[in-house]
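As stored in model.cif (mmCIF, C-alpha atoms):
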data_coords
loop_
_atom_site.group_PDB
_atom_site.id
_atom_site.type_symbol
_atom_site.label_atom_id
_atom_site.label_comp_id
_atom_site.auth_asym_id
_atom_site.auth_seq_id
_atom_site.Cartn_x
_atom_site.Cartn_y
_atom_site.Cartn_z
ATOM 1 C CA MET A 15 106.316 139.001 114.776
ATOM 2 C CA ALA A 16 107.723 142.427 115.359
ATOM 3 C CA HIS A 17 105.783 144.004 118.226
ATOM 4 C CA ASP A 18 105.734 143.314 121.956
ATOM 5 C CA ASN A 19 102.031 142.453 122.088
ATOM 6 C CA CYS A 20 101.884 140.122 119.056
ATOM 7 C CA GLN A 21 102.267 137.074 121.317
ATOM 8 C CA HIS A 22 99.700 138.487 123.741
ATOM 9 C CA LEU A 23 97.077 138.802 120.991
ATOM 10 C CA LEU A 24 97.838 135.367 119.591
ATOM 11 C CA ALA A 25 95.779 133.660 122.300
ATOM 12 C CA ASP A 26 92.586 135.451 121.226
ATOM 13 C CA LEU A 27 92.872 134.988 117.468
ATOM 14 C CA SER A 28 90.554 131.967 117.192
ATOM 15 C CA ASP A 29 87.851 133.730 119.214
ATOM 16 C CA TYR A 30 88.346 136.801 117.015
ATOM 17 C CA ILE A 31 88.083 134.804 113.787
ATOM 18 C CA ASP A 32 85.043 132.887 115.062
ATOM 19 C CA GLY A 33 83.319 136.138 116.058
ATOM 20 C CA GLU A 34 83.349 135.080 119.711
ATOM 21 C CA ALA A 35 85.809 137.627 121.095
ATOM 22 C CA ALA A 36 84.557 140.479 123.288
ATOM 23 C CA ASP A 37 84.137 143.843 121.563
ATOM 24 C CA SER A 38 87.061 145.282 123.502
ATOM 25 C CA VAL A 39 89.311 142.404 122.409
ATOM 26 C CA CYS A 40 88.224 142.801 118.765
ATOM 27 C CA ALA A 41 88.987 146.506 118.913
ATOM 28 C CA GLU A 42 92.415 145.834 120.409
ATOM 29 C CA ILE A 43 93.216 143.223 117.752
ATOM 30 C CA GLU A 44 92.037 145.466 114.912
ATOM 31 C CA ARG A 45 94.114 148.393 116.203
ATOM 32 C CA HIS A 46 97.106 146.091 116.305
ATOM 33 C CA LEU A 47 96.463 144.627 112.846
ATOM 34 C CA ALA A 48 96.337 148.095 111.324
ATOM 35 C CA ASP A 49 99.927 148.576 112.416
ATOM 36 C CA CYS A 50 101.416 145.068 112.171
ATOM 37 C CA ALA A 51 101.884 143.425 108.770
ATOM 38 C CA ASP A 52 103.162 140.205 110.346
ATOM 39 C CA CYS A 53 100.000 139.700 112.381
ATOM 40 C CA ARG A 54 97.834 140.604 109.383
ATOM 41 C CA ALA A 55 99.571 137.792 107.483
ATOM 42 C CA VAL A 56 98.982 135.402 110.381
ATOM 43 C CA VAL A 57 95.269 136.277 110.618
ATOM 44 C CA ASP A 58 94.773 136.081 106.830
ATOM 45 C CA THR A 59 96.520 132.725 106.516
ATOM 46 C CA LEU A 60 94.821 131.362 109.631
ATOM 47 C CA ARG A 61 91.425 132.235 108.121
ATOM 48 C CA LYS A 62 92.492 130.702 104.821
ATOM 49 C CA THR A 63 93.679 127.531 106.560
ATOM 50 C CA ILE A 64 90.298 127.066 108.251
ATOM 51 C CA TYR A 65 88.480 127.855 104.989
ATOM 52 C CA LEU A 66 90.531 125.294 103.032
ATOM 53 C CA TYR A 67 89.814 122.554 105.558
ATOM 54 C CA ARG A 68 86.096 123.292 105.557
ATOM 55 C CA GLN A 69 86.103 123.027 101.746
ATOM 56 C CA LEU A 70 88.130 119.810 101.702
ATOM 57 C CA PRO A 71 86.266 116.870 100.096
ATOM 58 C CA GLN A 72 85.341 114.380 102.793
ATOM 59 C CA PRO A 73 86.313 110.720 102.628
ATOM 60 C CA THR A 74 83.350 108.395 102.268
ATOM 61 C CA LEU A 75 82.709 104.952 103.671
ATOM 62 C CA PRO A 76 82.848 102.605 100.654
ATOM 63 C CA GLU A 77 79.387 101.359 99.700
ATOM 64 C CA SER A 78 80.594 97.755 99.895
ATOM 65 C CA ALA A 79 81.765 98.306 103.484
ATOM 66 C CA ARG A 80 78.464 99.917 104.451
ATOM 67 C CA ALA A 81 76.541 97.023 102.917
ATOM 68 C CA ARG A 82 78.742 94.467 104.756
ATOM 69 C CA LEU A 83 78.159 96.348 107.985
ATOM 70 C CA ILE A 84 74.390 96.323 107.615
ATOM 71 C CA ALA A 85 74.404 92.664 106.587
ATOM 72 C CA ALA A 86 76.576 91.731 109.572
ATOM 73 C CA PHE A 87 74.271 93.382 112.087
ATOM 74 C CA THR A 88 70.963 92.361 110.595
ATOM 75 C CA PHE A 89 72.210 88.749 110.225
ATOM 76 C CA ALA A 90 73.615 88.683 113.763
ATOM 77 C CA ASP A 91 70.376 90.149 115.050
ATOM 78 C CA ALA A 92 68.223 87.707 113.064
ATOM 79 C CA SER A 93 70.262 84.703 114.218
ATOM 80 C CA GLY A 94 70.112 85.840 117.809
ATOM 81 C CA SER A 95 73.901 85.878 118.167
ATOM 82 C CA MET B 23 91.252 139.785 101.615
ATOM 83 C CA GLU B 24 88.733 138.722 104.231
ATOM 84 C CA ILE B 25 87.456 135.171 103.885
ATOM 85 C CA GLU B 26 83.939 134.497 105.067
ATOM 86 C CA LEU B 27 84.091 131.373 107.168
ATOM 87 C CA LEU B 28 81.008 129.229 106.868
ATOM 88 C CA ALA B 29 80.382 126.204 109.013
ATOM 89 C CA PRO B 30 80.977 122.849 107.312
ATOM 90 C CA ASP B 31 78.031 122.129 105.045
ATOM 91 C CA MET B 32 77.437 118.599 106.266
ATOM 92 C CA ALA B 33 74.900 118.113 108.998
ATOM 93 C CA PRO B 34 76.564 116.853 112.158
ATOM 94 C CA ALA B 35 75.713 113.259 112.973
ATOM 95 C CA ALA B 36 74.610 114.385 116.413
ATOM 96 C CA GLU B 37 71.239 115.724 117.488
ATOM 97 C CA SER B 38 68.675 114.436 115.047
ATOM 98 C CA SER B 39 65.027 114.892 115.911
ATOM 99 C CA ASP B 40 64.338 111.337 114.708
ATOM 100 C CA ASP B 41 66.965 109.795 116.981
ATOM 101 C CA SER B 42 64.615 109.337 119.945
ATOM 102 C CA ASP B 43 62.351 107.121 117.858
ATOM 103 C CA LEU B 44 65.376 105.250 116.514
ATOM 104 C CA ILE B 45 66.695 104.651 120.044
ATOM 105 C CA ARG B 46 63.286 103.344 121.176
ATOM 106 C CA ARG B 47 63.236 100.891 118.246
ATOM 107 C CA LEU B 48 66.839 99.787 118.860
ATOM 108 C CA ARG B 49 65.965 99.058 122.478
ATOM 109 C CA ALA B 50 62.931 97.094 121.346
ATOM 110 C CA GLY B 51 65.149 94.908 119.121
ATOM 111 C CA ASP B 52 63.733 96.232 115.857
ATOM 112 C CA LYS B 53 66.051 94.770 113.182
ATOM 113 C CA SER B 54 65.479 97.570 110.704
ATOM 114 C CA ALA B 55 66.569 100.109 113.321
ATOM 115 C CA CYS B 56 70.154 98.785 113.232
ATOM 116 C CA ALA B 57 70.332 99.347 109.483
ATOM 117 C CA GLU B 58 68.778 102.776 109.834
ATOM 118 C CA CYS B 59 71.224 103.754 112.572
ATOM 119 C CA ILE B 60 74.161 102.620 110.413
ATOM 120 C CA ASP B 61 72.757 104.488 107.413
ATOM 121 C CA ARG B 62 72.335 107.644 109.425
ATOM 122 C CA HIS B 63 75.572 107.690 111.404
ATOM 123 C CA SER B 64 78.215 105.473 109.773
ATOM 124 C CA ALA B 65 79.564 108.158 107.432
ATOM 125 C CA GLY B 66 80.572 110.494 110.259
ATOM 126 C CA VAL B 67 81.900 107.661 112.409
ATOM 127 C CA TYR B 68 84.009 106.460 109.468
ATOM 128 C CA ARG B 69 85.437 109.917 108.760
ATOM 129 C CA LEU B 70 86.454 110.372 112.398
ATOM 130 C CA ALA B 71 87.963 106.880 112.561
ATOM 131 C CA LEU B 72 89.876 107.371 109.309
ATOM 132 C CA ARG B 73 91.280 110.725 110.415
ATOM 133 C CA MET B 74 92.346 109.205 113.730
ATOM 134 C CA VAL B 75 94.050 106.018 112.483
ATOM 135 C CA GLY B 76 94.854 106.941 108.879
ATOM 136 C CA ASP B 77 94.093 103.503 107.430
ATOM 137 C CA PRO B 78 90.802 102.859 105.572
ATOM 138 C CA HIS B 79 90.612 99.163 106.504
ATOM 139 C CA GLU B 80 91.279 99.847 110.164
ATOM 140 C CA ALA B 81 88.731 102.663 110.038
ATOM 141 C CA GLU B 82 86.122 100.191 108.710
ATOM 142 C CA ASP B 83 86.960 97.854 111.605
ATOM 143 C CA ILE B 84 86.465 100.746 114.027
ATOM 144 C CA VAL B 85 83.079 101.525 112.484
ATOM 145 C CA GLN B 86 82.025 97.897 112.983
ATOM 146 C CA GLU B 87 83.290 97.838 116.584
ATOM 147 C CA THR B 88 81.550 101.137 117.272
ATOM 148 C CA PHE B 89 78.130 99.920 116.176
ATOM 149 C CA LEU B 90 78.610 96.533 117.838
ATOM 150 C CA ASN B 91 79.418 98.192 121.165
ATOM 151 C CA ALA B 92 76.679 100.784 120.735
ATOM 152 C CA PHE B 93 73.944 98.233 120.018
ATOM 153 C CA LYS B 94 75.083 96.125 122.974
ATOM 154 C CA ALA B 95 74.993 99.128 125.278
ATOM 155 C CA ILE B 96 71.926 100.890 123.896
ATOM 156 C CA ASP B 97 69.955 100.197 127.103
ATOM 157 C CA ASN B 98 72.626 102.154 129.024
ATOM 158 C CA PHE B 99 72.471 105.149 126.688
ATOM 159 C CA GLU B 100 71.155 107.929 128.896
ATOM 160 C CA GLY B 101 70.424 110.438 126.154
ATOM 161 C CA ARG B 102 72.332 113.291 127.798
ATOM 162 C CA ALA B 103 74.180 113.649 124.503
ATOM 163 C CA GLY B 104 72.716 113.030 121.046
ATOM 164 C CA LEU B 105 72.973 109.537 119.571
ATOM 165 C CA GLY B 106 75.489 110.796 116.993
ATOM 166 C CA THR B 107 77.639 112.384 119.700
ATOM 167 C CA TRP B 108 77.552 109.124 121.674
ATOM 168 C CA LEU B 109 78.602 107.128 118.587
ATOM 169 C CA TYR B 110 81.459 109.551 117.909
ATOM 170 C CA ARG B 111 82.570 109.041 121.505
ATOM 171 C CA ILE B 112 82.595 105.248 121.185
ATOM 172 C CA ALA B 113 84.451 105.513 117.858
ATOM 173 C CA TYR B 114 87.002 107.952 119.305
ATOM 174 C CA ASN B 115 87.697 105.696 122.289
ATOM 175 C CA THR B 116 87.984 102.660 120.026
ATOM 176 C CA ALA B 117 90.433 104.483 117.746
ATOM 177 C CA LEU B 118 92.414 105.731 120.734
ATOM 178 C CA MET B 119 92.777 102.211 122.144
ATOM 179 C CA ARG B 120 94.101 100.985 118.807
ATOM 180 C CA LEU B 121 96.569 103.880 118.620
ATOM 181 C CA ARG B 122 97.740 103.186 122.189
ATOM 182 C CA LYS B 123 98.442 99.548 121.315
ATOM 183 C CA LYS B 124 100.752 100.686 118.523
ATOM 184 C CA GLN B 125 102.740 103.049 120.728
ATOM 185 C CA PRO B 126 105.995 101.885 122.314
ATOM 186 C CA LEU B 127 105.731 100.811 125.963
ATOM 187 C CA TYR B 128 108.575 103.084 126.978
ATOM 188 C CA VAL B 129 109.031 106.691 125.909
ATOM 189 C CA PRO B 130 112.504 108.209 126.332
ATOM 190 C CA ILE B 131 112.580 110.691 129.209
ATOM 191 C CA ASP B 132 114.008 113.366 126.917
ATOM 192 C CA ALA B 133 111.415 112.834 124.188
ATOM 193 C CA PRO B 134 110.195 116.174 122.801
ATOM 194 C CA THR B 135 106.816 117.358 124.049
ATOM 195 C CA THR B 136 103.936 117.688 121.618
ATOM 196 C CA PRO B 137 102.130 121.025 121.171
ATOM 197 C CA ASP B 138 99.310 119.643 123.306
ATOM 198 C CA GLU B 139 101.585 119.037 126.286
ATOM 199 C CA ASP B 140 103.158 122.446 126.084
ATOM 200 C CA ASP B 141 101.280 125.297 127.781
ATOM 201 C CA THR B 142 102.545 127.958 125.424
ATOM 202 C CA LEU B 143 101.185 128.686 121.970
ATOM 203 C CA THR B 144 103.570 128.170 119.099
ATOM 204 C CA THR B 145 104.807 131.566 117.984
ATOM 205 C CA PRO B 146 104.140 131.930 114.257
ATOM 206 C CA VAL B 147 107.372 131.806 112.305
ATOM 207 C CA GLN B 148 105.969 131.628 108.781
ATOM 208 C CA LEU B 149 104.850 135.196 108.075
ATOM 209 C CA PHE B 150 104.449 135.208 104.304
ATOM 210 C CA ASP B 151 100.834 135.891 103.288
ATOM 211 C CA TRP B 152 100.196 133.091 100.797
ATOM 212 C CA CYS B 153 96.491 133.906 100.471
ATOM 213 C CA CYS B 154 97.417 135.754 97.253
ATOM 214 C CA LEU B 155 97.916 132.448 95.424
ATOM 215 C CA PRO B 156 95.408 131.778 92.624
ATOM 216 C CA GLU B 157 92.399 129.823 93.905
ATOM 217 C CA GLU B 158 93.174 126.889 91.583
ATOM 218 C CA ASP B 159 96.469 126.348 93.428
ATOM 219 C CA PHE B 160 94.469 125.452 96.547
ATOM 220 C CA GLN B 161 92.268 122.958 94.727
ATOM 221 C CA THR B 162 94.916 120.676 93.235
ATOM 222 C CA THR B 163 95.223 117.034 94.282
ATOM 223 C CA GLU B 164 98.682 117.847 95.608
ATOM 224 C CA ALA B 165 97.371 120.689 97.790
ATOM 225 C CA ARG B 166 94.565 118.517 99.148
ATOM 226 C CA THR B 167 97.030 115.719 99.868
ATOM 227 C CA GLU B 168 99.132 118.236 101.768
ATOM 228 C CA LEU B 169 96.095 119.309 103.811
ATOM 229 C CA GLU B 170 95.323 115.675 104.696
ATOM 230 C CA ARG B 171 98.970 114.959 105.499
ATOM 231 C CA ALA B 172 99.085 117.928 107.853
ATOM 232 C CA ILE B 173 96.015 116.665 109.771
ATOM 233 C CA ALA B 174 97.662 113.254 110.092
ATOM 234 C CA GLU B 175 100.747 114.896 111.605
ATOM 235 C CA LEU B 176 98.763 116.687 114.310
ATOM 236 C CA PRO B 177 99.088 115.180 117.791
ATOM 237 C CA GLU B 178 96.039 112.945 118.300
ATOM 238 C CA THR B 179 94.349 115.074 120.967
ATOM 239 C CA LEU B 180 94.544 118.179 118.772
ATOM 240 C CA ARG B 181 93.555 116.155 115.714
ATOM 241 C CA ALA B 182 90.387 114.839 117.347
ATOM 242 C CA VAL B 183 89.227 118.333 118.303
ATOM 243 C CA PHE B 184 90.030 119.760 114.883
ATOM 244 C CA VAL B 185 88.257 116.946 113.019
ATOM 245 C CA LEU B 186 85.128 117.089 115.189
ATOM 246 C CA ARG B 187 84.840 120.896 115.216
ATOM 247 C CA GLU B 188 86.024 121.905 111.759
ATOM 248 C CA LEU B 189 85.346 118.859 109.602
ATOM 249 C CA GLU B 190 82.369 117.194 111.299
ATOM 250 C CA GLY B 191 80.741 120.470 112.309
ATOM 251 C CA LEU B 192 80.110 119.562 115.957
ATOM 252 C CA SER B 193 79.633 122.390 118.426
ATOM 253 C CA THR B 194 82.174 123.077 121.151
ATOM 254 C CA ASP B 195 79.823 121.470 123.703
ATOM 255 C CA GLU B 196 79.306 118.335 121.593
ATOM 256 C CA THR B 197 83.051 118.018 120.990
ATOM 257 C CA ALA B 198 83.665 118.308 124.741
ATOM 258 C CA GLN B 199 81.139 115.502 125.325
ATOM 259 C CA VAL B 200 82.742 113.234 122.721
ATOM 260 C CA LEU B 201 86.232 113.712 124.143
ATOM 261 C CA ASN B 202 85.169 113.941 127.795
ATOM 262 C CA VAL B 203 87.063 117.191 128.316
ATOM 263 C CA SER B 204 85.962 120.691 129.301
ATOM 264 C CA VAL B 205 84.634 123.257 126.850
ATOM 265 C CA ALA B 206 87.631 125.466 127.680
ATOM 266 C CA ASN B 207 89.951 122.603 126.826
ATOM 267 C CA VAL B 208 88.248 122.124 123.441
ATOM 268 C CA LYS B 209 88.709 125.819 122.655
ATOM 269 C CA VAL B 210 92.388 125.780 123.576
ATOM 270 C CA ARG B 211 93.061 122.601 121.601
ATOM 271 C CA LEU B 212 91.195 123.900 118.558
ATOM 272 C CA HIS B 213 93.213 127.115 118.635
ATOM 273 C CA ARG B 214 96.488 125.201 118.930
ATOM 274 C CA ALA B 215 95.494 122.872 116.121
ATOM 275 C CA ARG B 216 94.595 125.761 113.824
ATOM 276 C CA LEU B 217 97.861 127.599 114.535
ATOM 277 C CA TRP B 218 99.850 124.421 114.098
ATOM 278 C CA LEU B 219 98.189 123.628 110.762
ATOM 279 C CA ARG B 220 98.630 127.209 109.538
ATOM 280 C CA GLU B 221 102.330 126.998 110.301
ATOM 281 C CA ARG B 222 102.613 123.561 108.712
ATOM 282 C CA LEU B 223 100.790 124.562 105.506
ATOM 283 C CA ALA B 224 102.648 127.856 105.225
ATOM 284 C CA GLY B 225 105.810 125.953 104.298
ATOM 285 C CA TYR B 226 104.061 124.320 101.344
ATOM 286 C CA PHE B 227 102.078 127.314 100.095
ATOM 287 C CA THR B 228 104.953 129.786 100.548
ATOM 288 C CA GLU B 229 107.158 127.561 98.423
ATOM 289 C CA LEU B 230 104.373 127.370 95.847
ATOM 290 C CA ALA B 231 104.144 131.172 95.785
ATOM 291 C CA ALA B 232 107.898 131.706 95.582
ATOM 292 C CA PRO B 233 108.416 131.064 91.835
ATOM 293 C CA ALA B 234 105.539 133.418 91.038
ATOM 294 C CA ALA B 235 106.997 136.096 93.320
ATOM 295 C CA ASP B 236 110.428 135.692 91.718
ATOM 296 C CA VAL B 237 109.151 136.436 88.200
#
Could I get this structure in the form of structure tokens?
Amino acid sequence: MAHDNCQHLLADLSDYIDGEAADSVCAEIERHLADCADCRAVVDTLRKTIYLYRQLPQPTLPESARARLIAAFTFADASGS
Amino acid sequence: MEIELLAPDMAPAAESSDDSDLIRRLRAGDKSACAECIDRHSAGVYRLALRMVGDPHEAEDIVQETFLNAFKAIDNFEGRAGLGTWLYRIAYNTALMRLRKKQPLYVPIDAPTTPDEDDTLTTPVQLFDWCCLPEEDFQTTEARTELERAIAELPETLRAVFVLRELEGLSTDETAQVLNVSVANVKVRLHRARLWLRERLAGYFTELAAPAADV
């Protein structure tokens, strides 16, 4: 990261990416990005990282485990234990 | 290239309009309500548990403990958070207790601090823009394994925030309720987790891009 204020802007990057940063902060970040290839790479790859995780297939509770769970609670409930 | 970030497409387990009826039936001892509650909320509870402990069998045990404790305590549920948020909280605490039991009793005084304990943000070191990789390179089993491995390597406090916000789709407020921390703390931890994961994945994807760049 080549410029003095790269580290300063780092703290606001999540807010910027999430669209939650103040207009003045967005403007400051965009001015900086226009002039800093390193920070552009960080923002691009940060966005991509978030995107990849949101697309990641989710693990699922095995059907057999879910059935065991329901059986355990309905049996325990029915037996009064 | 600007990526449009959409919220996770799964509905969060928290805040269902039908939950108030379900809670009333659980309190009344309605047997079918237990099954309905498990049907509605076990998937999210399992995903959180699995991401926290990393072992499918232990995650199933956590799911069982979570519902057992929830049904026992349903009369004490005050409804300030959604039922799903409350279940996530029980599951998180259960997972945390199990993780604590596995940790050594004594930690060396010079043990390195985790990103969560350090006040400063990790300065990005990996500056190669690997977004240029073909989309199919991100969808391989190996790439997905790498993504999962990176989550598992996150310190647990950062991992919990990242899983709840990014993968379970909870809001910042709901995540704060699950973890019993402030909204500001959730935001800081999420930011640290994202930066940490970006740095961690950059090593893998940069290496993947290198042969192509060399040609």
**OP:** Compile the residues of chain A that lie within 6 Å of chain B, evaluated using all atoms listed in the file, and express the compilation as a PyMOL selection string.
**Re:** chain A and resi 28+52+55+60+63+68+75+84
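Going from atom CA of B:Val200 to atom CA of B:Gln125 covers 22.5 Å.
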Subject >> One-decimal distance in Å that lies between atom CA of B:Leu186 and atom CA of A:Ala86 >> reply: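 Between atom CA of A:Ala86 and atom CA of B:Leu186 the gap is 27.3 Å.
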Subject >> Distance of atom CA of B:Pro156 from atom CA of A:Cys40, expressed in Å to one decimal place >> reply: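 About the pair atom CA of A:Cys40 and atom CA of B:Pro156: they are 29.3 Å apart.
Of the residues under consideration (B:Glu229, B:Met74, B:Arg102, B:Glu158), B:Met74 shows the shortest atom-to-atom contact distance to B:Val183 when counting all atoms listed in the file.
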Original post:
Pick the closest to B:Glu80 from A:Leu70, A:Val39, A:Val57, A:Ala79: which is it, counting all atoms listed in the file?
Top reply: A:Ala79
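Closest approach to B:Glu157 among B:Asn207, B:Ala231, B:Tyr110, B:Glu178 is made by B:Ala231 (distances from only C-alpha atoms).
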Subject >> Nearest to A:Ile64 by atom-to-atom distance, counting only C-alpha atoms, from B:Ala215, B:Ala103, B:Leu44, B:Met119 >> reply: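 When distances to A:Ile64 are compared using only C-alpha atoms, the smallest one comes from B:Ala215.
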Taking the file above as input, evaluate the PyMOL selection byres ((chain B and resi 196) around 12) and report the hits as a compact mmCIF listing (two decimals) with C-alpha atoms, keeping the file's coordinate frame.
# COMPACT_ATOMS: atom_id res chain seq x y z
CA PRO B 34 76.56 116.85 112.16
CA ALA B 35 75.71 113.26 112.97
CA ALA B 36 74.61 114.38 116.41
CA GLU B 37 71.24 115.72 117.49
CA ARG B 102 72.33 113.29 127.80
CA ALA B 103 74.18 113.65 124.50
CA GLY B 104 72.72 113.03 121.05
CA LEU B 105 72.97 109.54 119.57
CA GLY B 106 75.49 110.80 116.99
CA THR B 107 77.64 112.38 119.70
CA TRP B 108 77.55 109.12 121.67
CA LEU B 109 78.60 107.13 118.59
CA TYR B 110 81.46 109.55 117.91
CA ARG B 111 82.57 109.04 121.50
CA VAL B 183 89.23 118.33 118.30
CA LEU B 186 85.13 117.09 115.19
CA ARG B 187 84.84 120.90 115.22
CA GLU B 190 82.37 117.19 111.30
CA GLY B 191 80.74 120.47 112.31
CA LEU B 192 80.11 119.56 115.96
CA SER B 193 79.63 122.39 118.43
CA THR B 194 82.17 123.08 121.15
CA ASP B 195 79.82 121.47 123.70
CA THR B 197 83.05 118.02 120.99
CA ALA B 198 83.66 118.31 124.74
CA GLN B 199 81.14 115.50 125.32
CA VAL B 200 82.74 113.23 122.72
CA LEU B 201 86.23 113.71 124.14
CA ASN B 202 85.17 113.94 127.80
CA VAL B 203 87.06 117.19 128.32
CA SER B 204 85.96 120.69 129.30
CA VAL B 205 84.63 123.26 126.85
CA VAL B 208 88.25 122.12 123.44
Original post:
What lies within 9 Å of A:Glu42 using all atoms listed in the file, ignoring chain neighbours under 5 positions off, as a PyMOL selection string?
Top reply: chain A and resi 23+37+47
**OP:** For the structure shown, which residues end up in the PyMOL selection byres ((chain A and resi 43) around 12)? Put them as an MDAnalysis selection string, please?
**Re:** chainID A and resid 19:31 35:42 44:50 53:54 57
Complete the atom set of stretch 73-80 of chain A to all heavy atoms and return it as a PDB file, keeping the file's coordinate frame.
ATOM      1  N   PRO A  73      86.254 112.138 103.005  1.00  0.00           N
ATOM      2  CA  PRO A  73      86.313 110.720 102.628  1.00  0.00           C
ATOM      3  C   PRO A  73      84.968 110.060 102.890  1.00  0.00           C
ATOM      4  O   PRO A  73      84.229 110.481 103.790  1.00  0.00           O
ATOM      5  CB  PRO A  73      87.387 110.149 103.571  1.00  0.00           C
ATOM      6  CG  PRO A  73      87.450 111.096 104.721  1.00  0.00           C
ATOM      7  CD  PRO A  73      87.049 112.441 104.194  1.00  0.00           C
ATOM      8  N   THR A  74      84.644 109.065 102.082  1.00  0.00           N
ATOM      9  CA  THR A  74      83.350 108.395 102.268  1.00  0.00           C
ATOM     10  C   THR A  74      83.558 106.914 102.558  1.00  0.00           C
ATOM     11  O   THR A  74      84.485 106.291 102.027  1.00  0.00           O
ATOM     12  CB  THR A  74      82.472 108.529 101.003  1.00  0.00           C
ATOM     13  OG1 THR A  74      83.231 108.079  99.874  1.00  0.00           O
ATOM     14  CG2 THR A  74      82.054 109.963 100.771  1.00  0.00           C
ATOM     15  N   LEU A  75      82.687 106.385 103.377  1.00  0.00           N
ATOM     16  CA  LEU A  75      82.709 104.952 103.671  1.00  0.00           C
ATOM     17  C   LEU A  75      82.325 104.219 102.384  1.00  0.00           C
ATOM     18  O   LEU A  75      81.261 104.501 101.808  1.00  0.00           O
ATOM     19  CB  LEU A  75      81.695 104.650 104.778  1.00  0.00           C
ATOM     20  CG  LEU A  75      81.524 103.183 105.189  1.00  0.00           C
ATOM     21  CD1 LEU A  75      82.796 102.646 105.841  1.00  0.00           C
ATOM     22  CD2 LEU A  75      80.356 103.030 106.163  1.00  0.00           C
ATOM     23  N   PRO A  76      83.190 103.308 101.896  1.00  0.00           N
ATOM     24  CA  PRO A  76      82.848 102.605 100.654  1.00  0.00           C
ATOM     25  C   PRO A  76      81.488 101.908 100.777  1.00  0.00           C
ATOM     26  O   PRO A  76      81.164 101.370 101.841  1.00  0.00           O
ATOM     27  CB  PRO A  76      83.983 101.579 100.511  1.00  0.00           C
ATOM     28  CG  PRO A  76      85.108 102.135 101.321  1.00  0.00           C
ATOM     29  CD  PRO A  76      84.484 102.887 102.445  1.00  0.00           C
ATOM     30  N   GLU A  77      80.733 101.944  99.698  1.00  0.00           N
ATOM     31  CA  GLU A  77      79.387 101.359  99.700  1.00  0.00           C
ATOM     32  C   GLU A  77      79.435  99.880 100.082  1.00  0.00           C
ATOM     33  O   GLU A  77      78.573  99.387 100.814  1.00  0.00           O
ATOM     34  CB  GLU A  77      78.750 101.562  98.318  1.00  0.00           C
ATOM     35  CG  GLU A  77      77.374 100.973  98.149  1.00  0.00           C
ATOM     36  CD  GLU A  77      76.372 101.412  99.226  1.00  0.00           C
ATOM     37  OE1 GLU A  77      76.460 102.563  99.690  1.00  0.00           O
ATOM     38  OE2 GLU A  77      75.511 100.579  99.603  1.00  0.00           O
ATOM     39  N   SER A  78      80.481  99.189  99.592  1.00  0.00           N
ATOM     40  CA  SER A  78      80.594  97.755  99.895  1.00  0.00           C
ATOM     41  C   SER A  78      80.774  97.544 101.402  1.00  0.00           C
ATOM     42  O   SER A  78      80.217  96.604 101.983  1.00  0.00           O
ATOM     43  CB  SER A  78      81.770  97.140  99.129  1.00  0.00           C
ATOM     44  OG  SER A  78      82.962  97.836  99.448  1.00  0.00           O
ATOM     45  N   ALA A  79      81.536  98.431 102.035  1.00  0.00           N
ATOM     46  CA  ALA A  79      81.765  98.306 103.484  1.00  0.00           C
ATOM     47  C   ALA A  79      80.472  98.589 104.249  1.00  0.00           C
ATOM     48  O   ALA A  79      80.159  97.916 105.237  1.00  0.00           O
ATOM     49  CB  ALA A  79      82.864  99.270 103.919  1.00  0.00           C
ATOM     50  N   ARG A  80      79.731  99.579 103.785  1.00  0.00           N
ATOM     51  CA  ARG A  80      78.464  99.917 104.451  1.00  0.00           C
ATOM     52  C   ARG A  80      77.470  98.750 104.327  1.00  0.00           C
ATOM     53  O   ARG A  80      76.800  98.376 105.291  1.00  0.00           O
ATOM     54  CB  ARG A  80      77.872 101.177 103.810  1.00  0.00           C
ATOM     55  CG  ARG A  80      76.736 101.817 104.600  1.00  0.00           C
ATOM     56  CD  ARG A  80      76.007 102.847 103.751  1.00  0.00           C
ATOM     57  NE  ARG A  80      75.318 102.217 102.633  1.00  0.00           N
ATOM     58  CZ  ARG A  80      74.108 101.672 102.717  1.00  0.00           C
ATOM     59  NH1 ARG A  80      73.436 101.713 103.837  1.00  0.00           N
ATOM     60  NH2 ARG A  80      73.570 101.087 101.670  1.00  0.00           N
TER      61      ARG A  80
END
